[in-house]
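*Asks:* Coordinates in final-v6.cif, mmCIF, C-alpha atoms and all ligand atoms, are listed below.
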```cif
data_my_file
loop_
_atom_site.label_atom_id
_atom_site.label_comp_id
_atom_site.auth_asym_id
_atom_site.auth_seq_id
_atom_site.Cartn_x
_atom_site.Cartn_y
_atom_site.Cartn_z
CA MET A 1 0.00 0.00 0.00
CA SER A 2 1.13 3.54 -0.72
CA GLU A 3 -0.73 6.79 -0.22
CA THR A 4 0.49 10.38 0.01
CA LEU A 5 -1.63 12.94 1.83
CA HIS A 6 -0.87 16.61 1.36
CA MET A 7 -1.28 18.77 4.44
CA ASP A 8 -2.34 22.12 3.03
CA LEU A 9 -1.07 24.79 5.42
CA GLY A 10 0.13 27.51 3.04
CA LYS A 11 3.88 28.03 3.40
CA GLU A 12 3.96 25.29 6.04
CA SER A 13 2.40 22.62 3.80
CA TYR A 14 3.94 19.16 3.68
CA ASP A 15 3.37 15.61 2.52
CA ILE A 16 2.60 12.61 4.68
CA VAL A 17 3.80 9.46 2.90
CA VAL A 18 2.14 6.25 4.11
CA GLU A 19 3.80 3.30 2.47
CA ARG A 20 4.86 -0.21 3.39
CA GLY A 21 8.65 -0.28 2.97
CA ALA A 22 9.01 3.53 2.97
CA LEU A 23 11.82 3.40 5.54
CA ALA A 24 14.07 1.75 2.97
CA ARG A 25 13.27 4.61 0.56
CA VAL A 26 14.06 7.60 2.77
CA SER A 27 16.93 8.70 0.54
CA GLU A 28 14.35 9.31 -2.23
CA LEU A 29 11.71 10.79 0.08
CA LEU A 30 13.78 13.20 2.21
CA ASN A 31 16.61 15.66 1.60
CA LEU A 32 19.33 13.97 3.65
CA ASN A 33 22.31 15.32 1.70
CA ARG A 34 23.46 17.45 4.66
CA ARG A 35 24.14 17.17 8.40
CA VAL A 36 21.33 15.13 9.89
CA LEU A 37 20.63 14.68 13.58
CA ILE A 38 18.69 11.42 13.97
CA VAL A 39 16.93 11.23 17.33
CA THR A 40 15.65 7.92 18.66
CA ASP A 41 15.20 6.06 21.95
CA ASP A 42 16.33 2.74 23.35
CA GLY A 43 12.84 1.23 22.94
CA VAL A 44 13.03 1.59 19.15
CA PRO A 45 14.86 -1.16 17.23
CA PRO A 46 18.23 0.50 16.36
CA VAL A 47 17.98 -0.75 12.78
CA TYR A 48 15.37 1.93 11.99
CA ALA A 49 17.67 4.85 12.88
CA GLU A 50 20.61 3.04 11.23
CA THR A 51 18.62 2.65 8.00
CA VAL A 52 18.02 6.42 7.98
CA ALA A 53 21.70 7.09 8.79
CA GLU A 54 22.82 5.02 5.78
CA ALA A 55 20.85 7.37 3.55
CA CYS A 56 22.45 10.55 4.99
CA ALA A 57 25.56 12.47 3.91
CA GLU A 58 26.57 13.32 7.50
CA PRO A 59 24.45 11.48 10.07
CA ILE A 60 24.64 11.62 13.84
CA ILE A 61 22.41 9.25 15.82
CA VAL A 62 21.49 10.16 19.40
CA THR A 63 19.60 7.61 21.51
CA TYR A 64 17.83 8.55 24.74
CA PRO A 65 16.06 6.41 27.36
CA GLN A 66 12.51 5.46 26.42
CA GLY A 67 9.79 7.34 28.31
CA GLU A 68 8.25 10.72 29.15
CA ASP A 69 11.26 11.79 31.27
CA THR A 70 13.19 12.25 28.03
CA LYS A 71 10.93 15.22 27.13
CA SER A 72 12.99 17.51 29.38
CA PHE A 73 15.03 20.71 29.28
CA GLU A 74 18.13 18.61 30.00
CA VAL A 75 17.66 16.46 26.91
CA LEU A 76 16.70 19.49 24.81
CA ALA A 77 19.94 21.19 25.93
CA ASP A 78 21.86 18.03 25.07
CA LEU A 79 20.39 17.96 21.55
CA CYS A 80 21.33 21.61 21.00
CA ALA A 81 24.85 20.91 22.33
CA VAL A 82 25.28 17.97 19.92
CA MET A 83 24.19 20.17 17.01
CA LEU A 84 26.54 22.99 18.04
CA GLU A 85 29.48 20.62 18.56
CA ASN A 86 28.92 19.16 15.10
CA GLY A 87 28.67 22.49 13.32
CA PHE A 88 24.97 22.33 12.45
CA THR A 89 23.66 25.40 10.65
CA ARG A 90 20.18 26.50 9.61
CA THR A 91 20.42 24.43 6.44
CA ASP A 92 20.83 21.14 8.32
CA CYS A 93 18.01 19.03 9.73
CA VAL A 94 16.61 16.86 12.50
CA VAL A 95 14.91 13.50 11.91
CA ALA A 96 12.78 11.86 14.61
CA VAL A 97 12.72 8.05 14.52
CA GLY A 98 10.43 6.91 17.30
CA GLY A 99 7.12 7.47 19.01
CA GLY A 100 5.39 10.55 20.37
CA VAL A 101 8.06 11.38 22.96
CA ILE A 102 10.84 11.43 20.36
CA GLY A 103 8.67 13.33 17.86
CA ASP A 104 7.63 16.01 20.37
CA LEU A 105 11.18 16.45 21.68
CA SER A 106 12.94 16.45 18.31
CA GLY A 107 10.36 18.75 16.76
CA PHE A 108 10.84 21.26 19.55
CA ALA A 109 14.64 21.02 19.23
CA ALA A 110 14.30 21.67 15.48
CA ALA A 111 11.91 24.57 16.15
CA SER A 112 14.32 26.12 18.67
CA PHE A 113 17.78 25.55 17.19
CA MET A 114 18.92 28.62 15.20
CA ARG A 115 15.24 29.75 15.34
CA GLY A 116 14.15 26.76 13.32
CA ILE A 117 15.76 24.12 11.12
CA ASP A 118 14.11 21.48 8.93
CA PHE A 119 12.36 18.67 10.75
CA TYR A 120 11.31 15.26 9.37
CA ASN A 121 9.28 12.79 11.36
CA ILE A 122 9.43 9.01 10.92
CA PRO A 123 6.98 7.73 13.53
CA THR A 124 7.48 4.12 14.63
CA THR A 125 4.51 3.60 16.96
CA LEU A 126 0.86 3.39 15.95
CA LEU A 127 0.02 6.29 18.26
CA SER A 128 2.51 8.58 16.58
CA GLN A 129 1.56 7.32 13.10
CA VAL A 130 -2.14 8.11 13.51
CA ASP A 131 -1.89 11.25 15.58
CA SER A 132 1.14 12.90 17.15
CA SER A 133 3.51 12.91 14.15
CA ILE A 134 1.32 15.28 12.16
CA GLY A 135 -0.11 18.65 13.03
CA GLY A 136 3.04 20.34 14.31
CA LYS A 137 2.59 20.05 18.06
CA THR A 138 6.04 19.90 19.65
CA ALA A 139 6.87 20.16 23.34
CA ILE A 140 8.77 19.07 26.41
CA ASN A 141 7.46 18.63 29.95
CA HIS A 142 8.45 20.85 32.86
CA GLU A 143 7.80 20.85 36.62
CA GLY A 144 5.66 17.74 36.19
CA VAL A 145 3.35 19.47 33.70
CA LYS A 146 3.06 17.64 30.41
CA ASN A 147 3.80 19.58 27.20
CA CYS A 148 3.92 22.90 29.03
CA VAL A 149 6.89 24.25 27.02
CA GLY A 150 6.59 23.89 23.27
CA ALA A 151 5.70 25.32 19.90
CA PHE A 152 3.59 24.66 16.85
CA TYR A 153 6.24 23.71 14.29
CA GLN A 154 5.27 21.76 11.21
CA PRO A 155 7.56 19.02 9.86
CA LYS A 156 8.85 19.21 6.28
CA LYS A 157 7.63 15.67 5.65
CA VAL A 158 6.26 12.71 7.59
CA VAL A 159 7.15 9.19 6.48
CA ILE A 160 4.92 6.43 7.84
CA ASP A 161 5.97 2.84 7.24
CA PRO A 162 3.35 0.47 8.73
CA GLU A 163 5.87 -2.37 8.46
CA VAL A 164 7.70 -1.04 11.52
CA LEU A 165 4.61 -1.89 13.58
CA SER A 166 5.53 -5.58 13.27
CA THR A 167 8.07 -5.05 16.09
CA LEU A 168 5.64 -3.06 18.26
CA PRO A 169 4.27 -4.85 21.37
CA ALA A 170 0.50 -5.49 21.21
CA ARG A 171 -0.15 -3.15 24.13
CA GLN A 172 1.49 -0.32 22.17
CA VAL A 173 -0.71 -1.10 19.17
CA SER A 174 -3.76 -0.78 21.45
CA ASN A 175 -2.30 2.47 22.76
CA GLY A 176 -2.39 3.94 19.25
CA LEU A 177 -5.84 2.54 18.48
CA ALA A 178 -7.24 4.70 21.30
CA GLU A 179 -6.38 7.87 19.34
CA ALA A 180 -7.88 6.43 16.16
CA ILE A 181 -11.08 5.44 18.00
CA LYS A 182 -11.20 8.94 19.52
CA MET A 183 -11.20 10.49 16.03
CA ALA A 184 -13.68 7.96 14.61
CA ALA A 185 -16.12 8.40 17.51
CA THR A 186 -16.30 12.17 17.13
CA CYS A 187 -15.65 12.77 13.42
CA ASP A 188 -16.11 9.66 11.27
CA LYS A 189 -19.14 7.43 11.85
CA ASP A 190 -18.18 5.27 8.90
CA LEU A 191 -14.71 4.50 10.30
CA PHE A 192 -16.18 3.80 13.74
CA GLU A 193 -18.64 1.34 12.22
CA ARG A 194 -15.90 -0.38 10.22
CA ILE A 195 -13.85 -0.84 13.41
CA GLU A 196 -17.00 -1.99 15.22
CA ALA A 197 -17.67 -4.60 12.53
CA GLY A 198 -14.08 -5.80 12.13
CA ASN A 199 -10.94 -6.65 14.07
CA PRO A 200 -8.97 -3.42 14.58
CA MET A 201 -5.70 -5.34 14.95
CA GLU A 202 -6.11 -6.66 11.40
CA MET A 203 -7.01 -3.37 9.72
CA LEU A 204 -4.14 -1.13 10.82
CA ASP A 205 -3.24 0.24 7.35
CA GLU A 206 -6.84 1.30 6.77
CA ILE A 207 -7.10 2.77 10.28
CA ILE A 208 -3.86 4.75 9.82
CA VAL A 209 -4.95 6.32 6.52
CA SER A 210 -8.52 7.06 7.69
CA SER A 211 -7.28 8.61 10.94
CA LEU A 212 -4.74 10.74 9.09
CA LYS A 213 -7.48 12.01 6.78
CA ILE A 214 -9.54 13.12 9.79
CA LYS A 215 -6.54 14.76 11.42
CA LYS A 216 -5.49 16.44 8.16
CA TYR A 217 -8.97 17.96 7.76
CA VAL A 218 -9.03 19.18 11.36
CA VAL A 219 -5.49 20.65 11.32
CA GLU A 220 -6.04 22.35 7.96
CA GLN A 221 -9.05 24.17 9.45
CA ASP A 222 -7.31 25.07 12.71
CA ALA A 223 -3.55 24.43 12.95
CA THR A 224 -3.06 26.20 16.27
CA GLU A 225 -6.03 24.82 18.22
CA LYS A 226 -8.11 27.97 18.42
CA SER A 227 -11.35 26.12 17.63
CA LEU A 228 -12.00 22.87 15.72
CA ARG A 229 -8.70 21.20 16.66
CA ARG A 230 -9.95 21.02 20.23
CA VAL A 231 -12.06 18.05 19.07
CA LEU A 232 -8.85 16.00 19.08
CA ASN A 233 -8.81 16.45 22.85
CA PHE A 234 -11.82 14.15 23.25
CA GLY A 235 -10.99 11.95 26.25
CA HIS A 236 -7.81 13.90 26.96
CA THR A 237 -8.98 16.33 29.64
CA LEU A 238 -9.85 13.63 32.14
CA GLY A 239 -7.33 11.33 30.43
CA HIS A 240 -4.45 13.62 31.40
CA GLY A 241 -5.72 13.68 34.99
CA ILE A 242 -5.82 9.87 35.02
CA GLU A 243 -2.37 9.79 33.40
CA SER A 244 -0.87 11.97 36.11
CA GLN A 245 -2.11 9.47 38.74
CA ALA A 246 -1.08 6.47 36.67
CA ALA A 247 2.43 7.92 36.40
CA LEU A 248 2.81 7.40 40.15
CA ARG A 249 2.48 3.64 39.62
CA ASP A 250 5.22 1.17 38.74
CA GLY A 251 5.57 -1.51 36.12
CA ASP A 252 2.47 -2.97 34.50
CA ARG A 253 0.18 -1.00 36.82
CA ALA A 254 1.23 2.22 35.08
CA LEU A 255 -1.06 3.19 32.21
CA TYR A 256 -0.15 4.28 28.70
CA HIS A 257 -1.43 7.57 27.25
CA GLY A 258 -3.94 5.83 24.95
CA GLU A 259 -5.25 3.75 27.84
CA CYS A 260 -5.87 6.95 29.81
CA VAL A 261 -7.59 8.52 26.78
CA ALA A 262 -9.80 5.42 26.45
CA LEU A 263 -10.84 5.77 30.09
CA GLY A 264 -11.16 9.55 29.71
CA MET A 265 -13.65 9.26 26.84
CA LEU A 266 -16.12 7.05 28.69
CA PRO A 267 -17.78 9.64 30.98
CA MET A 268 -17.82 12.26 28.20
CA CYS A 269 -20.46 10.77 25.95
CA ALA A 270 -24.11 9.81 25.76
CA PRO A 271 -24.97 6.40 27.30
CA GLU A 272 -25.64 4.80 23.86
CA VAL A 273 -22.25 6.05 22.64
CA ARG A 274 -20.59 4.69 25.77
CA ASP A 275 -22.02 1.21 25.22
CA ARG A 276 -20.63 1.13 21.68
CA LEU A 277 -17.31 2.66 22.78
CA VAL A 278 -16.87 0.04 25.48
CA THR A 279 -17.32 -2.73 22.88
CA VAL A 280 -14.85 -1.14 20.47
CA LEU A 281 -12.27 -0.31 23.16
CA LYS A 282 -12.37 -3.89 24.44
CA LYS A 283 -11.85 -5.19 20.90
CA ALA A 284 -8.84 -2.90 20.67
CA GLY A 285 -7.37 -4.28 23.90
CA LEU A 286 -8.00 -1.07 25.85
CA PRO A 287 -9.24 -0.67 29.44
CA THR A 288 -12.84 0.34 30.15
CA GLU A 289 -12.61 0.16 33.94
CA THR A 290 -10.07 1.55 36.38
CA ASP A 291 -9.17 1.61 40.06
CA ILE A 292 -7.42 5.00 39.68
CA ASP A 293 -8.50 7.47 42.37
CA MET A 294 -10.88 9.72 40.39
CA ASN A 295 -10.78 12.50 42.99
CA ALA A 296 -7.02 12.72 42.60
CA ALA A 297 -7.36 12.56 38.80
CA LEU A 298 -9.92 15.37 38.88
CA ALA A 299 -7.63 17.47 41.08
CA ALA A 300 -4.91 17.01 38.46
CA VAL A 301 -7.32 18.19 35.73
CA SER A 302 -7.18 21.67 37.25
CA HIS A 303 -3.54 21.90 36.04
CA ASP A 304 -4.58 21.05 32.53
CA LYS A 305 -3.99 23.73 29.93
CA LYS A 306 -7.53 23.28 28.65
CA MET A 307 -8.65 25.35 31.65
CA ASP A 308 -9.97 28.74 30.61
CA GLY A 309 -9.92 30.94 33.71
CA SER A 310 -11.97 28.98 36.23
CA LYS A 311 -13.71 26.92 33.52
CA ILE A 312 -12.68 23.56 32.16
CA ASN A 313 -13.21 23.00 28.44
CA TYR A 314 -13.96 19.50 27.26
CA VAL A 315 -15.34 17.58 24.31
CA TYR A 316 -18.61 15.64 24.60
CA CYS A 317 -19.79 13.01 22.11
CA PRO A 318 -23.62 13.00 21.91
CA GLU A 319 -23.73 10.43 19.08
CA ILE A 320 -21.16 8.54 17.02
CA GLY A 321 -19.65 10.89 14.43
CA ALA A 322 -20.60 14.07 16.33
CA PHE A 323 -19.15 16.24 19.07
CA GLU A 324 -19.92 19.26 21.23
CA PHE A 325 -17.53 21.66 22.93
CA ARG A 326 -18.61 22.11 26.52
CA SER A 327 -17.40 24.28 29.36
CA ALA A 328 -17.94 23.73 33.09
CA SER A 329 -16.58 24.71 36.48
CA LEU A 330 -14.33 22.08 38.03
CA ASP A 331 -17.13 21.09 40.42
CA GLU A 332 -19.62 20.72 37.55
CA TYR A 333 -17.06 18.73 35.59
CA ALA A 334 -16.49 16.42 38.54
CA GLU A 335 -20.26 15.85 38.73
CA VAL A 336 -20.35 14.92 35.01
CA VAL A 337 -17.63 12.31 35.62
CA LYS A 338 -19.13 10.92 38.83
CA ASN A 339 -22.74 10.80 37.56
CA SER A 340 -21.86 9.26 34.22
CA GLY A 341 -21.85 5.72 35.57
CA ALA A 342 -18.83 5.10 33.34
CA TYR A 343 -16.70 3.18 35.86
N1 LIG A 401 -3.17 15.06 19.55
C1 LIG A 401 -4.01 16.19 19.53
C2 LIG A 401 -3.63 17.20 18.50
O1 LIG A 401 -2.74 16.97 17.70
O2 LIG A 401 -4.21 18.26 18.50
#
```
Kindly present the structure from the file in structure tokens form.
*Replies:*
Amino acid sequence: MSETLHMDLGKESYDIVVERGALARVSELLNLNRRVLIVTDDGVPPVYAETVAEACAEPIIVTYPQGEDTKSFEVLADLCAVMLENGFTRTDCVVAVGGGVIGDLSGFAAASFMRGIDFYNIPTTLLSQVDSSIGGKTAINHEGVKNCVGAFYQPKKVVIDPEVLSTLPARQVSNGLAEAIKMAATCDKDLFERIEAGNPMEMLDEIIVSSLKIKKYVVEQDATEKSLRRVLNFGHTLGHGIESQAALRDGDRALYHGECVALGMLPMCAPEVRDRLVTVLKKAGLPTETDIDMNAALAAVSHDKKMDGSKINYVYCPEIGAFEFRSASLDEYAEVVKNSGAY
């Protein structure tokens, strides 16, 4: 399969190439005839970054520990130091080879270094392939607050090779499916019904392309999240609160981002939607129940950047394929969660 989507954002337009085997073709797809900083982590099979390096005139691979802690000022400073030490100029580039953490971090380093150098993203997780690699959100975390320092900075190209998903653990595939289900539930009834009728694990190529088309449409209308793009936060307001509590847990009891989004969607929809979501989330290997302390999760929601003054903004799904933007005080929001009967 091979499909190229064009993200139409004026001077910041770019192509998203979705193609089995694309990784082996990066020399044709990207301009790598310059200094190239390839950023990856130790959870990504090294062969992916090495394949990119073989296609570059002057590659440097940097590998960081897998996980959210890598999205830090320390690592950002390290990336800038590596570029300075190796004589990078504004005509050189950064390539992310990894999941959302590596994409967010590398994109922000590219946005910041010399006031912006070219950035390519080669996402290697389903979550980053369907969602975080496109749309230009880049960030690091600070003082325990996720994504609180960052920039909108569009990549020059995104190369998505679904073949790399063959090395991805099943739980990580489920993690990415949560973002696809989020988009289908609110924006694409047809996709939701196809997932409902099928086995999501066996239709990943189709899910990737359909999700990217939704995201492309949304980002083209509203690149900087002033209005429509907020729909992509369905499940994320409470999800981030749950995630902050889950982060305090160790090992398998910790929850992935997509798992928190899955849980975060359930109170924010009509009962008929919830019943269908529960079925689809279970099919996708995602949790629909949790023993996370909801009061603590709700307290963490107050730190969320979707707060507008004393109001919390959230997305509600009244029927499959539709959404509403709602606003509530924290107390009202807590009532919505507690009275939903979701958990
Ligand atoms: N992942 C949400 C967005 O890109 O806006």
*Asks:* Residues up to 6 Å from ligand LIG 401 (chain A), counting all atoms listed in the file: could you list those as an MDAnalysis selection string?
*Replies:* chainID A and resid 131:132 135 229 232:233
*Asks:* Which one is closest to His257 in chain A: A:Arg90, A:Lys157, A:Arg25, A:His236? Count only C-alpha atoms.
*Replies:*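 Looking at the shortest contact to His257 in chain A, the residue is A:His236.
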*Asks:* Between A:Asp15, A:Ala53, A:Gly43, A:Glu85, single out the one closest to Gly67 in chain A, counting all atoms listed in the file.
*Replies:* A:Gly43
*Asks:* So the first atom is CA of Val336 in chain A and the second is CA of Thr288 in chain A; what is the distance between them in Å, to one decimal place?
*Replies:* 17.1 Å
*Asks:* List every protein, DNA or RNA residue that has an atom no more than 10 Å from (-4.8, -4.6, 22.0) in the file's coordinate frame, counting only C-alpha atoms, and report them as a PyMOL selection string.
*Replies:* chain A and resi 169-178+200-201+281-287
*Asks:* Near Gly136 in chain A, counting all atoms listed in the file, which residues have an atom at most 7 Å away, once you skip same-chain residues fewer than 6 positions from it, shown as a compact mmCIF listing (two decimals) with C-alpha atoms, in the coordinates of the input?
*Replies:*
```
# COMPACT_ATOMS: atom_id res chain seq x y z
CA PHE A 152 3.59 24.66 16.85
CA TYR A 153 6.24 23.71 14.29
CA GLN A 154 5.27 21.76 11.21
CA PRO A 155 7.56 19.02 9.86
```
*Asks:* Do a neighbour search on Glu74 in chain A at 12 Å with only C-alpha atoms, toss out local chain neighbours closer than 5 positions, and write the hits as a list in words.
*Replies:*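 Everything that qualifies: Tyr64, Asp69, Leu79, Cys80, Ala81, Leu105, Ala109, Ile140, Asn141 and His142 of chain A.
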